[in-house]
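**Student:** Once you've had a glance at the structure underneath, I'll fire off some questions.
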Amino acid sequence: MEGVKRGAWCVVREMNILELMGQLPWRTWESKEWWAHPDNYPRYVEMGARLKPRSILELGAFEGYGLIGFWMGAGAGVQRLDWVDNESYTPDSNAHCCANLAYAAQALHRPLPRSIHTLSKEGFVTNGRYDLIHVDGDHT
């Protein structure tokens, strides 16, 4: 595909993950530096590119940064982006995650995959197996 490059940063259509994250409508982490470290979200993109999951589940999605990274790397073949987040860090983080995923879909020129999200694992009804499960829950 013309204009698409892959490498440690997995640039997609001349945009890397840190550029995309800097444009997201919900960025609670703006005042922190951890998100911009090359060992963080660029690695998620790289893992997505290597694993090519068609379905992703994240436990503790917060505002969707990890989901976006994995999806960006995995490409257009992703059919499901599901998550569980109890909103313990930020009220309405599930809504923020939805808005960030919608923004990423537009920026990446991809349709947004089907998604399910809930506030608790007890409320989560799965639709079978997942190719990638990322556990990024409570960090206390």
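If you're wondering about the labels, chains in the structure tokens are A, B, ... by order shown, residues count from 1 in each chain, ligands from 1 in order shown.
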Counting only C-alpha atoms, what are the residues of region 54-104 of chain A within 6 Å of region 119-134 of chain A, and for each of them which pair of atoms is the nearest and at what distance in Å, to one decimal? Sort the table by chain and rising number, as a Markdown table.
**Tutor:**
```
| residue | atom | partner | partner_atom | distance |
| --- | --- | --- | --- | --- |
| A:Ser55 | CA | A:Tyr130 | CA | 5.2 |
| A:Ile56 | CA | A:Leu132 | CA | 4.9 |
| A:Leu57 | CA | A:Ile133 | CA | 4.7 |
| A:Glu58 | CA | A:His134 | CA | 4.7 |
| A:Val84 | CA | A:Leu119 | CA | 5.8 |
| A:Asp85 | CA | A:Leu119 | CA | 5.1 |
| A:Asn86 | CA | A:Leu119 | CA | 4.3 |
```
**Student:** Next, write the just-selected residues to a file, as a tab-separated table (two decimals), in the first residue's frame, keeping C-alpha atoms as the atom set.
**Tutor:**
```
chain	number	residue	atom	x	y	z
A	55	SER	CA	-10.36	-9.11	17.95
A	56	ILE	CA	-8.93	-7.18	20.91
A	57	LEU	CA	-10.11	-7.04	24.53
A	58	GLU	CA	-8.56	-4.58	26.97
A	84	VAL	CA	-13.92	-3.18	30.41
A	85	ASP	CA	-13.20	-0.02	32.41
A	86	ASN	CA	-14.66	0.82	35.83
```
**Student:** Could you name the residues that touch Thr28 (chain A) at 10 Å or less, counting only C-alpha atoms, but leaving out those on the same chain fewer than 5 positions away, as a PyMOL selection string?
**Tutor:** chain A and resi 62-63+89-90+93+96
**Student:** So what do you get for CA of Gly66 (chain A) versus CA of Val45 (chain A), distance-wise?
**Tutor:**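 For CA of Gly66 (chain A) relative to CA of Val45 (chain A), the distance reads 8.7 Å.
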**Student:** One decimal, in Å: what's the spacing between CA of Pro42 (chain A) and CA of Ser88 (chain A)?
**Tutor:**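 Taking CA of Pro42 (chain A) as the start and CA of Ser88 (chain A) as the end point, the length is 25.3 Å.
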**Student:** Taking the backbone alone, and naming residues the way the document does, which bits of region 40-95 of chain A are alpha helix (DSSP H) by DSSP, as a ChimeraX atom specification?
**Tutor:** /A:41-51,65-74,93-95
**Student:** Keeping only C-alpha atoms, take the residues you just selected and write them out as an mmCIF file, in the first residue's frame.
**Tutor:**
```
data_model
loop_
_atom_site.group_PDB
_atom_site.id
_atom_site.type_symbol
_atom_site.label_atom_id
_atom_site.label_comp_id
_atom_site.auth_asym_id
_atom_site.auth_seq_id
_atom_site.Cartn_x
_atom_site.Cartn_y
_atom_site.Cartn_z
ATOM 1 C CA TYR A 41 2.490 3.094 22.897
ATOM 2 C CA PRO A 42 4.844 2.657 19.923
ATOM 3 C CA ARG A 43 5.445 -0.843 21.328
ATOM 4 C CA TYR A 44 1.694 -1.460 21.318
ATOM 5 C CA VAL A 45 1.603 -0.547 17.630
ATOM 6 C CA GLU A 46 4.534 -2.857 16.974
ATOM 7 C CA MET A 47 2.851 -5.730 18.852
ATOM 8 C CA GLY A 48 -0.378 -5.181 16.925
ATOM 9 C CA ALA A 49 1.557 -5.282 13.650
ATOM 10 C CA ARG A 50 3.267 -8.529 14.632
ATOM 11 C CA LEU A 51 0.222 -10.314 16.039
ATOM 12 C CA TYR A 65 -4.862 4.755 24.133
ATOM 13 C CA GLY A 66 -3.782 1.107 24.253
ATOM 14 C CA LEU A 67 -6.700 -0.013 22.093
ATOM 15 C CA ILE A 68 -5.798 2.628 19.518
ATOM 16 C CA GLY A 69 -2.146 1.551 19.528
ATOM 17 C CA PHE A 70 -2.922 -2.136 19.017
ATOM 18 C CA TRP A 71 -5.547 -1.337 16.371
ATOM 19 C CA MET A 72 -3.226 1.046 14.541
ATOM 20 C CA GLY A 73 -0.586 -1.665 14.260
ATOM 21 C CA ALA A 74 -2.958 -4.531 13.504
ATOM 22 C CA SER A 93 -13.683 7.495 30.662
ATOM 23 C CA ASN A 94 -15.732 4.967 28.655
ATOM 24 C CA ALA A 95 -17.353 7.832 26.743
#
```
**Student:** Suppose you want the space between CA of Gly22 (chain A) and CA of Ile116 (chain A); what is it in Å?
**Tutor:**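 Interatomic distance here is 24.9 Å.
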**Student:** Would you pick out the contacts of Arg80 (chain A) at 6 Å or less, using only C-alpha atoms, so that residues sharing its chain but fewer than 3 positions from it are not included, and give the list as number ranges by chain?
**Tutor:** A: 55, 113-115
**Student:** Now that the selection is made, can you save its residues with C-alpha atoms as a short mmCIF file (atom, residue, chain, number, x, y, z; two decimals), in the first residue's frame?
**Tutor:**
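Final output, again23.cif:
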```cif
data_model
loop_
_atom_site.label_atom_id
_atom_site.label_comp_id
_atom_site.auth_asym_id
_atom_site.auth_seq_id
_atom_site.Cartn_x
_atom_site.Cartn_y
_atom_site.Cartn_z
CA SER A 55 -10.36 -9.11 17.95
CA PRO A 113 -14.76 -1.92 14.38
CA ARG A 114 -17.71 -3.19 16.38
CA SER A 115 -17.16 -2.50 20.09
#
```
**Student:** Got a sec: who's within 6 Å of Leu59 (chain A), counting only C-alpha atoms, leaving out chain neighbours fewer than 5 positions off, as a list in words?
**Tutor:**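 What passes the distance filter is Trp83, Val84, Val135, Asp136 and Gly137 of chain A.
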**Student:** Which residue is closest to Pro111 (chain A)? Choose from A:Cys98, A:Ala61, A:Ala76, A:Leu81 and count only C-alpha atoms.
**Tutor:**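 Residue with the minimum atom-to-atom distance to Pro111 (chain A): A:Ala76.
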**Student:** Using only C-alpha atoms, find the one residue out of A:Pro53, A:Asn40, A:Gly64, A:Asn16 that sits nearest to Tyr103 (chain A).
**Tutor:**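 Ranking A:Pro53, A:Asn40, A:Gly64, A:Asn16 by distance to Tyr103 (chain A), first place goes to A:Gly64.
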**Student:** Just checking: using only C-alpha atoms, which residue out of A:Thr118, A:Ala104, A:Arg110, A:Lys52 ends up closest to Ile17 (chain A)?
**Tutor:**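 The answer is A:Ala104, which sits nearest to Ile17 (chain A).
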**Student:** As an NGL selection string, please: the residues near Pro25 (chain A) (cut-off 7 Å, only C-alpha atoms, same-chain neighbours under 2 positions excluded).
**Tutor:** :A and (23 or 27 or 100)
**Student:** Using only N, CA and C atoms, please write the residues we just selected to a file, as a PDB file, in the first residue's frame.
**Tutor:**
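Generated file (again-v8.pdb):
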```pdb
ATOM      1  N   GLN A  23      -3.407  14.380  19.139  1.00  0.00           N
ATOM      2  CA  GLN A  23      -4.577  15.018  18.530  1.00  0.00           C
ATOM      3  C   GLN A  23      -5.901  14.519  19.105  1.00  0.00           C
ATOM      4  N   ARG A  27      -7.451  13.704  26.416  1.00  0.00           N
ATOM      5  CA  ARG A  27      -6.058  13.442  26.772  1.00  0.00           C
ATOM      6  C   ARG A  27      -5.837  13.804  28.239  1.00  0.00           C
ATOM      7  N   ASN A 100     -12.366   8.904  21.465  1.00  0.00           N
ATOM      8  CA  ASN A 100     -11.002   8.760  20.970  1.00  0.00           C
ATOM      9  C   ASN A 100     -10.916   7.719  19.856  1.00  0.00           C
TER      10      ASN A 100
END
```
